[in-house]
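Shown next: input28.cif, containing mmCIF, C-alpha atoms and all ligand atoms.
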data_upload
#
loop_
_atom_site.label_atom_id
_atom_site.label_comp_id
_atom_site.auth_asym_id
_atom_site.auth_seq_id
_atom_site.Cartn_x
_atom_site.Cartn_y
_atom_site.Cartn_z
CA MET A 265 43.11 350.92 23.19
CA GLU A 266 39.93 352.90 23.76
CA SER A 267 40.39 354.27 27.22
CA ILE A 268 42.32 353.89 30.41
CA PRO A 269 39.81 354.82 33.08
CA ILE A 270 41.32 354.95 36.52
CA ALA A 271 38.78 353.43 38.85
CA THR A 272 37.81 355.58 41.77
CA ALA A 273 39.07 354.51 45.14
CA ALA A 274 36.85 352.16 47.09
CA PRO A 275 34.59 354.04 49.49
CA ASP A 276 35.43 353.90 53.15
CA LEU A 277 33.93 350.98 54.93
CA ASP A 278 30.30 351.80 55.56
CA VAL A 279 29.43 350.16 58.81
CA ASN A 280 26.42 351.98 60.06
CA ALA A 281 26.31 350.49 63.47
CA PRO A 282 28.99 350.62 66.14
CA PRO A 283 31.49 347.82 65.65
CA ALA A 284 32.16 347.30 69.34
CA ALA A 285 30.04 344.19 69.61
CA SER A 286 32.14 342.34 67.06
CA ALA A 287 35.53 342.91 68.54
CA GLU A 288 35.61 340.87 71.73
CA PRO A 289 34.49 337.26 71.74
CA GLN A 290 31.95 336.78 74.49
CA ALA A 291 31.13 333.83 76.67
CA THR A 292 28.01 332.66 74.88
CA PRO A 293 27.89 333.26 71.14
CA ALA A 294 24.59 334.23 69.51
CA VAL A 295 25.21 331.48 66.96
CA GLN A 296 27.61 328.58 67.23
CA LEU A 297 27.84 326.12 64.35
CA THR A 298 30.20 323.23 64.91
CA GLY A 299 31.00 320.65 62.25
CA LEU A 300 27.68 321.26 60.49
CA THR A 301 27.14 318.85 57.61
CA HIS A 302 24.20 318.34 55.31
CA ARG A 303 23.75 316.32 52.17
CA TYR A 304 20.41 316.46 50.33
CA PRO A 305 18.82 313.11 49.40
CA LYS A 306 20.30 311.72 46.18
CA ALA A 307 22.95 314.49 46.03
CA SER A 308 26.48 313.34 45.25
CA ARG A 309 28.18 315.81 47.57
CA ASP A 310 27.54 317.69 50.80
CA ALA A 311 25.72 321.05 50.52
CA VAL A 312 27.55 322.10 53.69
CA SER A 313 30.49 320.14 54.95
CA ASP A 314 31.95 320.21 58.46
CA LEU A 315 31.12 323.91 58.67
CA SER A 316 31.99 325.76 61.87
CA LEU A 317 31.52 329.43 62.72
CA SER A 318 30.34 331.63 65.52
CA ILE A 319 28.47 334.93 65.58
CA GLN A 320 28.75 337.16 68.63
CA PRO A 321 25.78 338.83 70.33
CA GLY A 322 25.05 342.22 68.79
CA GLU A 323 27.05 341.46 65.68
CA ALA A 324 26.00 342.15 62.09
CA PHE A 325 27.22 339.07 60.23
CA ALA A 326 27.02 338.24 56.52
CA LEU A 327 27.20 334.79 54.95
CA LEU A 328 28.63 335.64 51.57
CA GLY A 329 29.21 333.25 48.72
CA PRO A 330 28.67 332.26 45.13
CA ASN A 331 25.62 330.35 43.93
CA GLY A 332 25.54 326.87 45.40
CA GLY A 333 28.02 327.82 48.14
CA GLY A 334 25.77 326.56 50.93
CA LYS A 335 24.34 329.85 52.25
CA THR A 336 20.67 328.90 51.97
CA THR A 337 21.27 325.45 53.43
CA THR A 338 23.01 327.01 56.45
CA PHE A 339 20.23 329.61 56.73
CA ARG A 340 17.51 326.92 56.63
CA ILE A 341 19.22 324.82 59.30
CA LEU A 342 19.62 327.88 61.53
CA ALA A 343 15.98 328.82 60.93
CA THR A 344 14.98 325.28 62.07
CA LEU A 345 13.49 324.53 58.63
CA LEU A 346 15.96 321.78 57.79
CA GLN A 347 17.60 319.10 59.88
CA PRO A 348 21.26 318.46 59.06
CA SER A 349 22.19 314.99 57.81
CA ALA A 350 21.73 312.40 60.50
CA THR A 351 25.03 310.56 60.04
CA GLN A 352 27.23 313.52 60.93
CA PRO A 353 24.93 316.44 61.74
CA GLY A 354 27.30 318.58 63.81
CA ALA A 355 25.93 321.00 66.41
CA VAL A 356 23.88 324.18 66.15
CA GLN A 357 23.49 326.48 69.14
CA LEU A 358 21.60 329.74 69.48
CA PHE A 359 22.55 331.73 72.57
CA GLY A 360 23.77 328.51 74.11
CA GLN A 361 20.62 326.50 73.36
CA ASP A 362 20.76 323.36 71.26
CA VAL A 363 18.68 324.12 68.16
CA LEU A 364 18.56 320.54 66.92
CA ALA A 365 17.33 319.20 70.25
CA ASN A 366 14.88 322.01 70.92
CA PRO A 367 13.80 323.82 67.74
CA ALA A 368 10.71 325.36 69.39
CA ALA A 369 12.86 327.23 71.93
CA ALA A 370 15.16 328.36 69.12
CA ARG A 371 12.22 329.72 67.12
CA ARG A 372 11.27 332.01 69.99
CA MET A 373 14.71 333.61 69.78
CA LEU A 374 14.60 333.95 66.01
CA GLY A 375 13.02 336.38 63.59
CA VAL A 376 13.30 335.12 60.03
CA VAL A 377 12.96 337.05 56.78
CA PHE A 378 12.77 334.81 53.73
CA GLN A 379 13.73 335.61 50.17
CA SER A 380 10.22 334.87 48.96
CA PRO A 381 7.68 337.16 50.60
CA SER A 382 5.64 335.79 53.47
CA LEU A 383 3.09 338.62 53.51
CA ASP A 384 -0.58 338.25 52.68
CA ILE A 385 -0.88 340.90 49.97
CA LYS A 386 -4.66 341.09 50.21
CA LEU A 387 -4.45 342.13 53.86
CA THR A 388 -3.38 345.57 55.09
CA ALA A 389 -0.01 346.18 56.74
CA ARG A 390 -1.69 346.33 60.13
CA GLU A 391 -3.64 343.12 59.53
CA ASN A 392 -0.46 341.29 58.53
CA LEU A 393 1.20 342.33 61.78
CA ASP A 394 -1.91 341.47 63.72
CA CYS A 395 -1.91 337.92 62.31
CA GLN A 396 1.74 337.53 63.25
CA ALA A 397 1.03 338.72 66.80
CA ARG A 398 -1.70 336.12 67.12
CA LEU A 399 0.56 333.39 65.77
CA HIS A 400 2.97 334.20 68.57
CA GLY A 401 0.13 334.26 71.11
CA LEU A 402 0.64 337.90 72.05
CA PRO A 403 -2.33 339.25 74.01
CA ARG A 404 -4.01 342.25 72.35
CA LEU A 405 -3.02 344.59 75.17
CA GLU A 406 0.59 343.83 74.37
CA SER A 407 0.34 343.48 70.60
CA THR A 408 -1.47 346.77 69.86
CA PRO A 409 1.29 349.07 71.13
CA ARG A 410 3.96 346.82 69.61
CA ILE A 411 2.29 346.97 66.20
CA ASP A 412 1.91 350.77 66.47
CA GLU A 413 5.58 351.05 67.35
CA ALA A 414 6.67 348.72 64.52
CA LEU A 415 4.62 350.62 61.94
CA ALA A 416 6.07 353.92 63.15
CA ARG A 417 9.64 352.61 63.26
CA PHE A 418 9.46 351.46 59.65
CA ASP A 419 7.63 354.60 58.44
CA LEU A 420 4.58 352.57 57.54
CA THR A 421 1.99 354.27 59.78
CA PRO A 422 0.50 356.42 56.98
CA ARG A 423 -0.10 353.28 54.88
CA MET A 424 -1.10 350.88 57.65
CA HIS A 425 -4.68 350.49 56.39
CA ASP A 426 -3.68 349.91 52.76
CA ALA A 427 -3.54 346.45 51.21
CA VAL A 428 0.04 345.23 50.93
CA GLU A 429 -0.44 344.59 47.20
CA THR A 430 -0.29 348.38 46.74
CA PHE A 431 3.14 348.65 48.45
CA SER A 432 6.52 349.15 46.78
CA GLY A 433 9.18 346.44 47.10
CA GLY A 434 10.99 348.46 49.78
CA MET A 435 7.84 348.92 51.85
CA LYS A 436 7.05 345.21 51.63
CA ARG A 437 10.55 344.32 52.78
CA LYS A 438 10.29 346.69 55.75
CA LEU A 439 6.94 345.15 56.67
CA GLU A 440 8.51 341.67 56.45
CA ILE A 441 11.19 342.75 58.90
CA ALA A 442 8.68 344.44 61.20
CA LYS A 443 6.74 341.16 61.18
CA ALA A 444 9.84 339.09 61.93
CA LEU A 445 10.68 341.33 64.90
CA LEU A 446 7.23 341.53 66.45
CA HIS A 447 7.89 338.84 69.06
CA ARG A 448 11.20 340.58 69.94
CA PRO A 449 13.67 337.91 68.88
CA ARG A 450 17.36 338.14 69.79
CA LEU A 451 18.55 337.13 66.32
CA LEU A 452 17.21 338.47 63.04
CA LEU A 453 18.03 336.05 60.23
CA MET A 454 17.56 337.24 56.65
CA ASP A 455 17.97 335.42 53.34
CA GLU A 456 19.21 337.81 50.62
CA PRO A 457 17.45 340.78 52.27
CA ALA A 458 17.93 343.34 49.50
CA THR A 459 16.86 341.14 46.59
CA GLY A 460 14.60 343.08 44.27
CA LEU A 461 15.17 346.46 45.96
CA ASP A 462 16.48 349.50 44.12
CA PRO A 463 19.59 351.25 45.51
CA ALA A 464 17.59 353.89 47.42
CA ALA A 465 15.37 351.27 49.06
CA ARG A 466 18.46 349.21 49.94
CA ARG A 467 20.11 352.19 51.61
CA GLU A 468 16.95 352.90 53.58
CA LEU A 469 16.65 349.25 54.63
CA TRP A 470 20.22 349.17 55.95
CA ASP A 471 19.71 352.46 57.76
CA HIS A 472 16.70 350.95 59.50
CA LEU A 473 18.64 347.82 60.42
CA ALA A 474 21.53 349.86 61.81
CA ASP A 475 19.05 351.87 63.87
CA LEU A 476 17.47 348.68 65.19
CA ARG A 477 20.84 347.34 66.29
CA GLN A 478 21.68 350.51 68.09
CA ARG A 479 18.42 350.68 69.97
CA HIS A 480 17.83 347.01 70.71
CA ASP A 481 19.97 344.14 71.76
CA LEU A 482 19.73 342.56 68.33
CA THR A 483 22.09 340.27 66.44
CA ILE A 484 21.62 340.31 62.67
CA ALA A 485 22.80 337.65 60.25
CA TRP A 486 22.06 337.49 56.55
CA THR A 487 22.99 335.58 53.43
CA THR A 488 24.01 337.43 50.32
CA HIS A 489 25.98 337.23 47.12
CA LEU A 490 26.02 341.04 46.78
CA MET A 491 29.17 342.87 47.80
CA ASP A 492 27.37 346.04 48.85
CA GLU A 493 25.24 344.00 51.26
CA ALA A 494 28.30 342.36 52.77
CA GLU A 495 29.87 345.79 53.38
CA HIS A 496 27.29 346.38 56.11
CA ALA A 497 28.61 343.47 58.16
CA ASP A 498 30.92 343.74 61.17
CA ARG A 499 32.29 340.39 60.02
CA LEU A 500 31.54 338.05 57.18
CA ALA A 501 32.10 334.42 56.33
CA VAL A 502 32.82 333.53 52.72
CA LEU A 503 31.21 330.18 51.92
CA ALA A 504 32.01 328.17 48.81
CA SER A 505 31.33 324.51 48.08
CA GLY A 506 29.74 324.16 51.50
CA GLN A 507 32.81 325.27 53.41
CA VAL A 508 33.99 328.44 55.10
CA LEU A 509 36.84 329.90 53.06
CA THR A 510 37.48 332.75 55.45
CA VAL A 511 35.93 334.75 58.29
CA SER A 512 37.02 338.38 58.57
CA THR A 513 35.86 341.96 58.59
CA PRO A 514 35.14 343.49 55.16
CA GLY A 515 38.17 345.76 55.71
CA GLU A 516 40.49 342.84 56.50
CA LEU A 517 39.33 341.01 53.41
CA LYS A 518 40.11 344.03 51.24
CA ALA A 519 43.44 344.54 52.96
CA SER A 520 44.42 340.95 52.11
CA LEU A 521 44.92 342.15 48.54
CA GLY A 522 47.79 344.29 47.27
CA SER A 523 47.56 348.06 47.36
CA HIS A 524 46.19 348.22 43.80
CA VAL A 525 44.05 345.88 41.77
CA ILE A 526 44.55 346.13 38.03
CA SER A 527 41.99 344.82 35.52
CA VAL A 528 42.85 344.43 31.88
CA GLU A 529 40.19 343.68 29.27
CA PRO A 530 41.64 342.57 25.92
CA LEU A 531 40.20 343.84 22.67
CA HIS A 532 39.35 340.24 21.73
CA PRO A 533 38.35 337.70 24.42
CA ASP A 534 40.40 334.98 22.71
CA GLN A 535 43.52 336.97 23.65
CA LEU A 536 42.88 336.61 27.39
CA GLY A 537 45.42 333.81 27.85
CA THR A 538 48.09 335.40 25.65
CA ILE A 539 47.88 338.79 27.33
CA ARG A 540 47.82 337.20 30.77
CA ASP A 541 51.07 335.40 29.84
CA GLN A 542 52.60 338.63 28.52
CA ILE A 543 51.74 340.49 31.73
CA ASP A 544 53.04 337.57 33.75
CA ALA A 545 56.38 337.61 31.92
CA ALA A 546 56.73 341.40 31.89
CA PHE A 547 55.88 342.25 35.48
CA GLY A 548 56.73 339.16 37.52
CA PRO A 549 57.97 337.62 39.76
CA TRP A 550 54.78 337.57 41.79
CA ALA A 551 54.07 336.98 45.42
CA PRO A 552 51.92 333.85 45.89
CA GLY A 553 48.28 334.61 45.02
CA LYS A 554 49.09 337.98 43.44
CA GLU A 555 49.86 336.75 39.93
CA PRO A 556 47.67 337.69 36.93
CA ALA A 557 44.58 335.49 36.57
CA VAL A 558 41.78 335.34 34.03
CA ILE A 559 38.60 335.98 35.96
CA GLN A 560 35.45 336.25 33.89
CA ASP A 561 36.38 338.40 30.87
CA THR A 562 39.33 340.27 32.38
CA ILE A 563 42.85 339.64 33.56
CA ARG A 564 43.18 340.75 37.17
CA PHE A 565 46.23 341.10 39.29
CA GLU A 566 47.51 342.96 42.29
CA HIS A 567 50.48 345.28 42.42
CA GLU A 568 51.99 347.84 44.76
CA ASP A 569 52.34 350.46 42.00
CA GLY A 570 49.21 350.22 39.87
CA PRO A 571 49.39 353.53 37.97
CA ALA A 572 52.97 352.84 36.78
CA ILE A 573 51.99 349.34 35.65
CA VAL A 574 48.99 350.67 33.73
CA ALA A 575 51.22 353.09 31.82
CA ARG A 576 53.66 350.29 30.97
CA ILE A 577 50.88 347.96 29.77
CA ALA A 578 49.54 350.74 27.56
CA GLU A 579 53.05 351.15 26.10
CA GLN A 580 53.85 347.46 25.69
CA LEU A 581 50.52 346.17 24.39
CA PRO A 582 49.30 348.86 22.02
CA GLY A 583 46.16 347.84 20.17
CA GLY A 584 45.64 344.65 22.16
CA VAL A 585 43.74 346.06 25.09
CA ARG A 586 40.22 347.45 25.20
CA ARG A 587 40.28 348.77 28.74
CA ILE A 588 42.57 348.95 31.75
CA SER A 589 41.54 350.08 35.18
CA VAL A 590 43.36 350.42 38.45
CA GLY A 591 41.80 350.98 41.83
CA GLN A 592 41.96 350.30 45.51
CA PRO A 593 40.93 346.72 46.24
CA THR A 594 37.21 346.36 46.75
CA LEU A 595 35.37 343.67 48.62
CA GLU A 596 34.41 342.27 45.23
CA ASP A 597 38.06 341.89 44.24
CA ALA A 598 38.79 340.00 47.45
CA TYR A 599 35.70 337.84 47.00
CA LEU A 600 36.58 337.01 43.39
CA ARG A 601 40.10 336.13 44.41
CA LEU A 602 38.78 333.77 47.07
CA THR A 603 35.95 332.13 45.19
CA GLN A 604 36.84 332.06 41.51
CA THR A 605 39.02 329.38 40.07
CA PRO A 606 41.20 331.18 37.55
CA SER A 607 40.77 329.85 34.00
CA SER A 608 43.54 329.43 31.55
N1 LIG B 1 16.70 320.61 47.68
C1 LIG B 1 17.90 320.28 47.22
N2 LIG B 1 18.17 319.04 46.73
C2 LIG B 1 19.39 318.71 46.30
N3 LIG B 1 20.45 319.54 46.30
C3 LIG B 1 20.25 320.78 46.75
C4 LIG B 1 18.98 321.22 47.23
N4 LIG B 1 19.10 322.53 47.63
C5 LIG B 1 20.39 322.86 47.41
N5 LIG B 1 21.09 321.83 46.90
C6 LIG B 1 22.51 321.81 46.54
O1 LIG B 1 23.26 322.13 47.71
C7 LIG B 1 24.34 322.98 47.41
C8 LIG B 1 24.26 324.25 48.24
O2 LIG B 1 23.08 324.94 47.85
P1 LIG B 1 22.56 326.24 48.62
O3 LIG B 1 21.21 326.56 48.07
O4 LIG B 1 22.68 326.04 50.08
O5 LIG B 1 23.63 327.32 48.16
P2 LIG B 1 23.51 328.89 48.14
O6 LIG B 1 24.86 329.38 48.53
O7 LIG B 1 22.37 329.36 48.95
O8 LIG B 1 23.23 329.18 46.61
P3 LIG B 1 22.31 330.35 45.96
O9 LIG B 1 23.06 331.63 46.15
O10 LIG B 1 22.28 329.92 44.52
O11 LIG B 1 20.97 330.31 46.60
C9 LIG B 1 24.29 323.20 45.89
O12 LIG B 1 25.16 322.29 45.29
C10 LIG B 1 22.87 322.89 45.53
O13 LIG B 1 22.77 322.40 44.22
#
What would you get if you wrote out this structure as structure tokens?
Ligand SMILES: Nc1ncnc2c1ncn2[C@@H]1O[C@H](COP(=O)(O)OP(=O)(O)OP(=O)(O)O)[C@@H](O)[C@H]1O
Amino acid sequence: MESIPIATAAPDLDVNAPPAASAEPQATPAVQLTGLTHRYPKASRDAVSDLSLSIQPGEAFALLGPNGGGKTTTFRILATLLQPSATQPGAVQLFGQDVLANPAAARRMLGVVFQSPSLDIKLTARENLDCQARLHGLPRLESTPRIDEALARFDLTPRMHDAVETFSGGMKRKLEIAKALLHRPRLLLMDEPATGLDPAARRELWDHLADLRQRHDLTIAWTTHLMDEAEHADRLAVLASGQVLTVSTPGELKASLGSHVISVEPLHPDQLGTIRDQIDAAFGPWAPGKEPAVIQDTIRFEHEDGPAIVARIAEQLPGGVRRISVGQPTLEDAYLRLTQTPSS
């Protein structure tokens, strides 16, 4: 065995904005999806299937899930870019308005940030915002102060006359969001907002979004497969195979695991099954869902007394284990437990 690093405890939940908006269900949800179903032409199964969830006004809500889980399909339907399947479409409401019946009205309430950039990189930051203002029919008297304010809010004023092609990824993403918010939507919808950003730019982006929520009556929803992006949510829905596996706060999801999560990496990957069985026999019986499982290249399990178990594994399996770690459950542990089918 090379080392037994003890993983550091998971950081406290980092919710930048006040959680109050998420706690009490309100009369009219910001988003209400009911029985949403979509199957792409020629596909053999539904991309989203009888999916229902609601997002409250003022909430920061993440749609989290593995590749192919149905996040982008849900995002595109909400953004009015895709009509759900006609046979059993379900219902989509934004602030009480029927999106499928009246997509134009929905678009006025929506600011959308796509994964692929929608900026014209040959234009300056200011020109990009100016084009957006015109698209929304904002008169110049109104748009000029709004653009000034948006540039200032996102720290882009010093670069407003520079072509966007000279911007960093973080600056471009901030400009995208400024653009999406120019017509003052009630819901900001973002597809994988931190894709391509380095950790510092991500932190800055989330600080800006938290600030926006505090100052404006804004609901924010985003898709992601990154755990650190889901940590910023008041609540999150885990989507897999087009269905909602669970809706909870990030803290509740973590708390659904045992008090310690132990990961064991064997010296040789072909020993995964054998060592899983040895751990199973040595430390069982297990509460349902807590038993050791092979997930990716490690054996993971939950236990109330992680440090003691680590010491016993080190004793009982000398030479068979490359690495053992024990830590507080993270959102990633909870997500893996929910979305990964253990292999044998
Ligand atoms: N244009 C399309 N035609 C056919 N099938 C599609 C199409 N787009 C998505 N799908 C399928 O629908 C399912 C859900 O895909 P979707 O893109 O919504 O998932 P996702 O959670 O956003 O995944 P990712 O994180 O990889 O973007 C997948 O099985 C996918 O293969």
Could you list, as a PyMOL selection string, every residue within 7 Å of segment 516-531 of chain A, counting all atoms listed in the file and ignoring same-chain residues fewer than 4 positions away? chain A and resi 512+535-536+561-570+584-595+598
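Compared by their closest atoms to Pro457 of chain A, and using all atoms listed in the file, the residues A:Leu490, A:Leu300, A:Ala575, A:Ala294 rank with A:Leu490 nearest.
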Can you tell me which residues come within 8 Å of ligand LIG 1 (chain B) when counting all atoms listed in the file, ideally as an NGL selection string? :A and (303-307 or 309-312 or 328-339 or 487-489 or 503-506)
Build an axis-aligned box that encloses every atom of segment 542-546 of chain A listed in the file, pad it by 6 Å on each side, and report its centre and edge lengths in Å to one decimal, as JSON.
{"center_x": 54.2, "center_y": 339.5, "center_z": 31.1, "size_x": 17.0, "size_y": 15.8, "size_z": 17.2}
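In this comparison, which uses only C-alpha atoms, the residue of A:Leu446, A:Asp314, A:Ala389, A:Ala326 approaching Arg372 of chain A most closely is A:Leu446.
Of the residues listed (A:Arg601, A:Leu452, A:Asp492, A:Leu346), A:Leu452 shows the shortest atom-to-atom separation from Arg477 of chain A; distances use only C-alpha atoms.
For the set A:Leu374, A:Leu420, A:Ile539, A:Phe547, the residue with the smallest atom-to-atom gap to Gly583 of chain A is A:Ile539, counting all atoms listed in the file.
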Given only C-alpha atoms as the basis, pick out the residue of A:Ile559, A:Val356, A:Ala501, A:Val428 nearest to Asp384 of chain A. A:Val428
A straight line from atom CA of His480 of chain A to atom CA of Gly322 of chain A spans 8.9 Å
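Among the candidate residues A:Leu415, A:Leu439, A:Leu399, A:Leu342, the one lying nearest to Val363 of chain A is A:Leu342, with distances computed using all atoms listed in the file.
Interatomic distance, atom CA of Ala572 of chain A to atom CA of Tyr599 of chain A: 25.1 Å.
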Between atom CA of Arg450 of chain A and atom CA of Ala397 of chain A, distance in Å (one decimal): 16.6 Å
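Residues surrounding Gln347 of chain A within 9 Å are His302, Arg340, Ile341, Pro353 and Leu364 of chain A [all atoms listed in the file; sequence separation below 4 positions excluded].
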I'd like the neighbourhood of Ile411 of chain A as a compact mmCIF listing (two decimals) with C-alpha atoms, in the frame of the given file, where a residue qualifies if any of its atoms comes within 9 Å (using only C-alpha atoms), though same-chain residues fewer than 5 positions away should be ignored.
# COMPACT_ATOMS: atom_id res chain seq x y z
CA ARG A 390 -1.69 346.33 60.13
CA LEU A 393 1.20 342.33 61.78
CA ASP A 394 -1.91 341.47 63.72
CA ALA A 397 1.03 338.72 66.80
CA GLU A 406 0.59 343.83 74.37
CA ALA A 416 6.07 353.92 63.15
CA ALA A 442 8.68 344.44 61.20
CA LYS A 443 6.74 341.16 61.18
CA LEU A 446 7.23 341.53 66.45
Tell me which residues come within 8 Å of (36.9, 321.8, 62.4), as a ChimeraX atom specification, counting all atoms listed in the file in the file's coordinates. /A:298-299,314-316
At a cut-off of 8 Å, using all atoms listed in the file, what residues contact Leu453 of chain A? Leave out same-chain residues fewer than 5 positions from it and give the result as a ChimeraX atom specification. /A:339,343,374-377,484-486
